[in-house]
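Asker: Supplied structure: final_0.cif, mmCIF, C-alpha atoms.
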data_final
loop_
_atom_site.label_atom_id
_atom_site.label_comp_id
_atom_site.auth_asym_id
_atom_site.auth_seq_id
_atom_site.Cartn_x
_atom_site.Cartn_y
_atom_site.Cartn_z
CA VAL A 1 19.46 -99.86 49.71
CA ALA A 2 22.99 -99.63 48.25
CA ALA A 3 23.49 -103.26 47.39
CA ALA A 4 25.91 -103.27 44.49
CA THR A 5 29.30 -101.94 43.50
CA GLU A 6 29.47 -98.37 42.22
CA THR A 7 30.13 -97.87 38.53
CA ASN A 8 32.21 -95.12 36.97
CA ALA A 9 29.10 -93.32 35.76
CA PRO A 10 28.47 -89.87 37.25
CA PRO A 11 25.96 -90.03 40.11
CA LEU A 12 23.98 -87.09 38.73
CA LEU A 13 23.20 -86.16 35.14
CA ARG A 14 22.26 -82.68 33.97
CA SER A 15 20.48 -81.95 30.71
CA GLN A 16 17.90 -79.69 29.11
CA LEU A 17 14.33 -80.78 28.52
CA ALA A 18 14.42 -81.36 24.79
CA ASN A 19 11.03 -79.97 23.86
CA VAL A 20 10.72 -77.10 26.34
CA PRO A 21 13.15 -74.16 26.38
CA GLY A 22 14.24 -72.95 29.79
CA VAL A 23 13.77 -76.26 31.61
CA ALA A 24 16.74 -78.07 33.16
CA ARG A 25 16.66 -81.74 34.11
CA LEU A 26 18.64 -83.29 36.96
CA THR A 27 18.70 -87.10 36.94
CA LEU A 28 19.76 -89.17 39.95
CA ASN A 29 22.03 -91.75 38.33
CA ARG A 30 22.77 -94.59 40.75
CA PRO A 31 20.16 -97.03 39.41
CA VAL A 32 21.89 -100.18 40.72
CA GLN A 33 21.87 -98.66 44.22
CA PHE A 34 18.26 -97.45 43.74
CA ASN A 35 19.63 -93.87 43.63
CA ALA A 36 20.59 -93.91 47.29
CA LEU A 37 21.91 -90.55 48.49
CA SER A 38 25.61 -91.17 48.93
CA GLU A 39 27.98 -88.40 49.97
CA GLU A 40 29.07 -88.09 46.36
CA LEU A 41 25.53 -87.82 45.01
CA LEU A 42 24.60 -85.20 47.61
CA GLU A 43 27.71 -83.20 46.69
CA HIS A 44 26.86 -83.31 42.99
CA LEU A 45 23.23 -82.41 43.63
CA GLN A 46 24.16 -79.47 45.85
CA ARG A 47 26.61 -78.13 43.26
CA ALA A 48 24.08 -78.47 40.44
CA LEU A 49 21.36 -76.66 42.40
CA ASP A 50 23.73 -73.85 43.35
CA GLU A 51 24.70 -73.42 39.70
CA LEU A 52 21.09 -73.47 38.52
CA ALA A 53 20.16 -70.80 41.05
CA GLU A 54 22.52 -68.42 39.22
CA ASP A 55 21.35 -69.36 35.71
CA ALA A 56 18.73 -66.85 34.56
CA SER A 57 18.09 -68.88 31.39
CA VAL A 58 16.59 -71.72 33.44
CA HIS A 59 12.98 -71.15 34.51
CA VAL A 60 12.00 -74.62 35.77
CA VAL A 61 13.96 -77.61 37.10
CA VAL A 62 12.82 -81.23 36.73
CA LEU A 63 14.28 -83.79 39.15
CA ASP A 64 13.98 -87.41 38.04
CA ALA A 65 15.89 -90.67 38.43
CA ALA A 66 17.38 -93.44 36.35
CA GLY A 67 16.22 -97.00 36.82
CA ARG A 68 13.30 -98.57 38.66
CA ALA A 69 13.48 -96.51 41.88
CA PHE A 70 13.25 -92.78 42.40
CA CYS A 71 15.38 -92.75 45.55
CA ALA A 72 15.82 -95.30 48.34
CA GLY A 73 17.04 -92.74 50.87
CA HIS A 74 20.51 -92.64 52.38
CA ASP A 75 23.16 -95.16 51.39
CA LEU A 76 22.97 -97.55 54.35
CA ARG A 77 26.21 -99.35 53.46
CA GLU A 78 28.06 -96.05 53.46
CA MET A 79 26.45 -95.03 56.75
CA ARG A 80 27.36 -98.33 58.46
CA ALA A 81 30.94 -98.09 57.18
CA HIS A 82 31.38 -95.01 59.37
CA GLU A 83 30.71 -95.45 63.08
CA ASP A 84 31.62 -91.97 64.32
CA VAL A 85 28.82 -89.54 65.11
CA GLY A 86 30.74 -86.70 63.43
CA PHE A 87 30.41 -88.38 60.04
CA HIS A 88 26.69 -88.89 60.52
CA ARG A 89 26.14 -85.31 61.69
CA ASP A 90 27.95 -84.01 58.62
CA LEU A 91 26.03 -86.35 56.30
CA PHE A 92 22.63 -85.29 57.61
CA ALA A 93 23.67 -81.63 57.52
CA ARG A 94 24.66 -82.01 53.87
CA CYS A 95 21.38 -83.71 53.05
CA SER A 96 19.39 -81.06 54.92
CA ARG A 97 21.17 -78.34 52.98
CA VAL A 98 20.22 -79.99 49.67
CA MET A 99 16.58 -80.26 50.74
CA GLN A 100 16.47 -76.61 51.76
CA THR A 101 18.21 -75.52 48.57
CA LEU A 102 15.46 -77.15 46.52
CA GLN A 103 13.06 -74.60 47.99
CA GLN A 104 15.53 -71.72 48.07
CA ILE A 105 16.52 -71.65 44.40
CA PRO A 106 14.38 -69.23 42.38
CA GLN A 107 13.12 -71.83 39.92
CA PRO A 108 10.22 -74.17 40.75
CA VAL A 109 11.42 -77.78 41.06
CA ILE A 110 9.17 -80.57 39.78
CA GLY A 111 9.82 -84.08 41.06
CA GLN A 112 9.22 -86.74 38.38
CA VAL A 113 8.67 -89.85 40.49
CA GLY A 114 8.66 -93.04 38.48
CA GLY A 115 9.39 -95.54 41.25
CA VAL A 116 9.82 -96.14 44.95
CA ALA A 117 10.77 -93.17 47.17
CA THR A 118 11.67 -94.19 50.72
CA ALA A 119 13.10 -92.41 53.78
CA ALA A 120 15.25 -89.51 52.52
CA GLY A 121 13.88 -90.31 49.06
CA CYS A 122 10.41 -89.53 50.34
CA GLN A 123 11.92 -86.41 51.91
CA LEU A 124 13.27 -85.48 48.49
CA VAL A 125 9.80 -85.70 46.95
CA ALA A 126 8.32 -83.63 49.79
CA SER A 127 11.05 -81.01 49.32
CA CYS A 128 10.29 -80.50 45.62
CA ASP A 129 7.89 -77.63 44.96
CA LEU A 130 5.67 -79.88 42.85
CA ALA A 131 5.65 -83.61 42.16
CA VAL A 132 4.11 -85.88 39.55
CA ALA A 133 4.11 -89.63 40.17
CA ALA A 134 3.60 -92.70 38.07
CA ASP A 135 0.70 -94.84 39.26
CA THR A 136 3.26 -97.52 40.13
CA ALA A 137 5.26 -95.27 42.50
CA ARG A 138 5.24 -95.94 46.24
CA PHE A 139 6.32 -93.86 49.20
CA ALA A 140 7.46 -94.60 52.75
CA THR A 141 9.54 -93.23 55.60
CA SER A 142 10.83 -96.66 56.44
CA GLY A 143 13.67 -95.91 58.86
CA ILE A 144 11.43 -96.91 61.76
CA ASN A 145 11.59 -100.51 60.47
CA LEU A 146 15.37 -100.42 60.99
CA GLY A 147 15.25 -98.92 64.46
CA LEU A 148 15.95 -95.45 63.11
CA PHE A 149 13.27 -92.76 63.21
CA CYS A 150 13.27 -90.71 60.01
CA ALA A 151 13.94 -87.46 61.85
CA THR A 152 15.30 -85.33 59.01
CA PRO A 153 12.72 -86.64 56.50
CA SER A 154 10.03 -85.76 59.05
CA VAL A 155 10.82 -82.05 58.63
CA ALA A 156 9.83 -82.00 54.96
CA VAL A 157 7.07 -84.59 55.29
CA SER A 158 5.38 -82.81 58.22
CA ARG A 159 5.41 -79.56 56.25
CA THR A 160 3.78 -81.20 53.24
CA LEU A 161 1.22 -83.62 54.73
CA LEU A 162 -1.31 -82.96 57.46
CA PRO A 163 0.31 -83.77 60.83
CA LYS A 164 -1.60 -86.98 61.57
CA HIS A 165 -0.92 -88.39 58.11
CA ALA A 166 2.75 -87.45 58.41
CA PHE A 167 3.16 -88.95 61.87
CA GLU A 168 1.45 -92.21 60.90
CA LEU A 169 3.75 -92.51 57.90
CA LEU A 170 6.78 -91.91 60.13
CA LEU A 171 5.69 -94.30 62.89
CA THR A 172 4.57 -97.24 60.78
CA GLY A 173 7.03 -97.30 57.91
CA ASP A 174 4.12 -98.48 55.77
CA PHE A 175 4.06 -97.73 52.05
CA LEU A 176 1.61 -95.31 50.46
CA ASP A 177 0.54 -96.03 46.92
CA ALA A 178 0.60 -93.16 44.46
CA GLU A 179 -3.10 -92.30 44.70
CA THR A 180 -2.96 -92.23 48.50
CA ALA A 181 0.15 -90.04 48.30
CA ARG A 182 -1.79 -87.64 46.09
CA GLY A 183 -4.71 -87.66 48.51
CA VAL A 184 -2.53 -86.63 51.46
CA GLY A 185 -0.71 -83.95 49.47
CA LEU A 186 2.68 -85.56 48.86
CA VAL A 187 2.32 -85.38 45.07
CA ASN A 188 0.22 -83.20 42.78
CA HIS A 189 -0.70 -85.65 40.03
CA VAL A 190 -0.69 -89.39 39.38
CA VAL A 191 -0.56 -90.70 35.82
CA PRO A 192 0.11 -94.02 34.09
CA ALA A 193 3.83 -94.74 34.01
CA ASP A 194 4.04 -94.40 30.23
CA GLU A 195 2.54 -90.90 30.46
CA LEU A 196 4.75 -89.61 33.28
CA ALA A 197 7.40 -87.86 31.19
CA ALA A 198 4.80 -86.16 29.00
CA ARG A 199 2.78 -84.96 31.99
CA VAL A 200 5.85 -83.48 33.64
CA GLU A 201 6.90 -81.88 30.37
CA ALA A 202 3.47 -80.28 30.00
CA LEU A 203 3.54 -78.94 33.57
CA ALA A 204 7.07 -77.60 33.12
CA ALA A 205 6.10 -75.96 29.84
CA THR A 206 3.10 -74.25 31.44
CA ILE A 207 5.25 -72.74 34.18
CA ALA A 208 8.17 -71.90 31.89
CA ALA A 209 5.79 -69.87 29.71
CA LYS A 210 4.95 -67.51 32.58
CA SER A 211 6.87 -64.36 33.44
CA PRO A 212 10.13 -65.46 35.11
CA VAL A 213 9.90 -62.38 37.33
CA ALA A 214 6.47 -63.39 38.61
CA VAL A 215 7.51 -67.03 39.10
CA ARG A 216 10.69 -66.16 41.00
CA THR A 217 8.83 -63.60 43.09
CA GLY A 218 6.03 -66.05 43.78
CA LYS A 219 8.23 -68.92 44.90
CA ARG A 220 10.20 -66.76 47.31
CA MET A 221 7.05 -65.15 48.68
CA PHE A 222 5.09 -68.40 49.01
CA TYR A 223 7.53 -70.09 51.37
CA ARG A 224 8.28 -66.99 53.40
CA GLN A 225 4.61 -66.18 54.10
CA LEU A 226 3.94 -69.72 55.33
CA ALA A 227 6.16 -69.01 58.33
CA LEU A 228 4.47 -65.71 59.24
CA PRO A 229 1.40 -64.96 61.39
CA LEU A 230 -1.66 -64.09 59.32
CA SER A 231 -1.50 -60.31 59.66
CA GLU A 232 2.25 -60.26 58.93
CA ALA A 233 1.72 -62.56 55.95
CA TYR A 234 -0.82 -60.17 54.45
CA ALA A 235 1.42 -57.16 55.07
CA TYR A 236 4.33 -58.94 53.42
CA ALA A 237 2.16 -60.14 50.52
CA GLY A 238 0.88 -56.63 49.91
CA GLU A 239 4.41 -55.26 49.73
CA VAL A 240 5.45 -58.03 47.36
CA MET A 241 2.51 -57.31 45.04
CA ALA A 242 3.14 -53.56 45.09
CA THR A 243 6.80 -54.15 44.21
CA ASN A 244 5.90 -56.75 41.57
CA MET A 245 3.58 -54.20 39.95
CA GLN A 246 6.64 -52.05 39.20
CA ALA A 247 8.24 -54.81 37.14
CA GLU A 248 8.35 -54.44 33.37
CA ASP A 249 6.79 -57.88 32.98
CA ALA A 250 3.80 -56.93 35.11
CA ARG A 251 3.13 -53.83 33.03
CA GLU A 252 3.54 -55.85 29.85
CA GLY A 253 1.25 -58.61 31.09
CA ILE A 254 -1.54 -56.23 32.06
CA ASP A 255 -1.24 -54.27 28.81
CA ALA A 256 -1.31 -57.50 26.80
CA PHE A 257 -4.45 -58.62 28.62
CA LEU A 258 -6.20 -55.29 28.00
CA GLU A 259 -5.11 -55.28 24.37
CA LYS A 260 -6.14 -58.93 23.89
CA ARG A 261 -2.71 -60.14 22.75
CA ASP A 262 -0.06 -62.54 24.03
CA PRO A 263 2.51 -60.97 26.37
CA SER A 264 6.17 -60.73 25.51
CA TRP A 265 8.10 -61.34 28.72
CA LYS A 266 11.37 -59.50 29.27
CA GLY A 267 12.27 -61.12 32.60
CA ARG A 268 12.50 -57.73 34.25
#
Turn this file's structure into structure tokens for me.
Answerer:
Amino acid sequence: VAAATETNAPPLLRSQLANVPGVARLTLNRPVQFNALSEELLEHLQRALDELAEDASVHVVVLDAAGRAFCAGHDLREMRAHEDVGFHRDLFARCSRVMQTLQQIPQPVIGQVGGVATAAGCQLVASCDLAVAADTARFATSGINLGLFCATPSVAVSRTLLPKHAFELLLTGDFLDAETARGVGLVNHVVPADELAARVEALAATIAAKSPVAVRTGKRMFYRQLALPLSEAYAYAGEVMATNMQAEDAREGIDAFLEKRDPSWKGR
């Protein structure tokens, strides 16, 4: 996992998607260490997500990675350098907070997976709202091969894949190729590696062009209703739609449809 000396480069880069307004890009930037999730990288990622959550000008977030790997999971050298259980508890709590924040921020997060995603890296993909993978990407929850069950990754993986697929992945440590990952629901799309950036850009542009009110409302509602019994989910969904109907964007969108013109979103 983390097999080389750290450089002075920042572990996380933040930029704007050049061709699509309203889309922020976060780039894991520990390519020599296969973007392993060190304490420092988790801290930077948490801070960036918290800041983006408050930025109304950002409508979509793209999460990608520098180098050949997407993310090799936790930094095993860092973990072995600390023997006390308190350090490990804190580390996994920090990582869990990052994963939950990905789904809690109002903007949809698209994972752009160009390489291997293992253990907590696979968890990172599962925690993104959407994911697009290169056809060369591979996925595994490989802790089991080291005598360590991927317990925290299992939370995201089991909520993304069907249970039997998730449990087999967790028990075997075997790799899934990109097409298999798409088939079991871990990623949305698989494209040739040289088309990955363009496919993600197109998906981000499609979402960024929608009403930010509807997108924010939809993301919050989608995850909350999943945890509710059916009747409560419908009651909650009905209230969300009734409230959404009062938004200026909803009135504008319906009027634009009836008048056969493009809507002009206000974000209200």
Asker: Pick out the closest residue to Gln104 (chain A) from this set: A:Leu52, A:Leu41, A:Leu12, A:Leu171. Count all atoms listed in the file.
Answerer: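 For Gln104 (chain A), the nearest of the candidates is A:Leu52.
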Asker: With all atoms listed in the file as the counted atoms, please give the residues lying no more than 6 Å from Gly115 (chain A), apart from itself and same-chain residues fewer than 2 positions off, as a compact mmCIF listing (two decimals) with C-alpha atoms, in the frame of the given file.
Answerer:
# COMPACT_ATOMS: atom_id res chain seq x y z
CA ARG A 68 13.30 -98.57 38.66
CA ALA A 69 13.48 -96.51 41.88
CA PHE A 70 13.25 -92.78 42.40
CA VAL A 113 8.67 -89.85 40.49
CA ALA A 137 5.26 -95.27 42.50
Asker: Name the residues in contact with Gly67 (chain A) at a cut-off of 12 Å, using all atoms listed in the file, excluding same-chain residues fewer than 6 positions from it; report them as a VMD selection string.
Answerer: chain A and resid 27 to 36 113 to 116
Asker: How many Å lie between CA of Ala120 (chain A) and CA of Pro153 (chain A), rounded to one decimal?
Answerer: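 If I compute the distance from CA of Ala120 (chain A) to CA of Pro153 (chain A), I get 5.5 Å.
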Asker: On this structure, which residues satisfy the PyMOL selection byres ((chain A and resi 197-213) around 10), written as JSON, numbers by chain?
Answerer: {"A": [17, 18, 19, 20, 21, 22, 23, 24, 56, 57, 58, 59, 60, 61, 62, 64, 106, 107, 108, 109, 110, 111, 112, 113, 114, 130, 131, 132, 133, 134, 189, 190, 191, 192, 193, 194, 195, 196, 214, 215, 216, 217, 218, 244, 247, 248, 249, 250, 252, 253, 263, 264, 265, 266, 267, 268]}
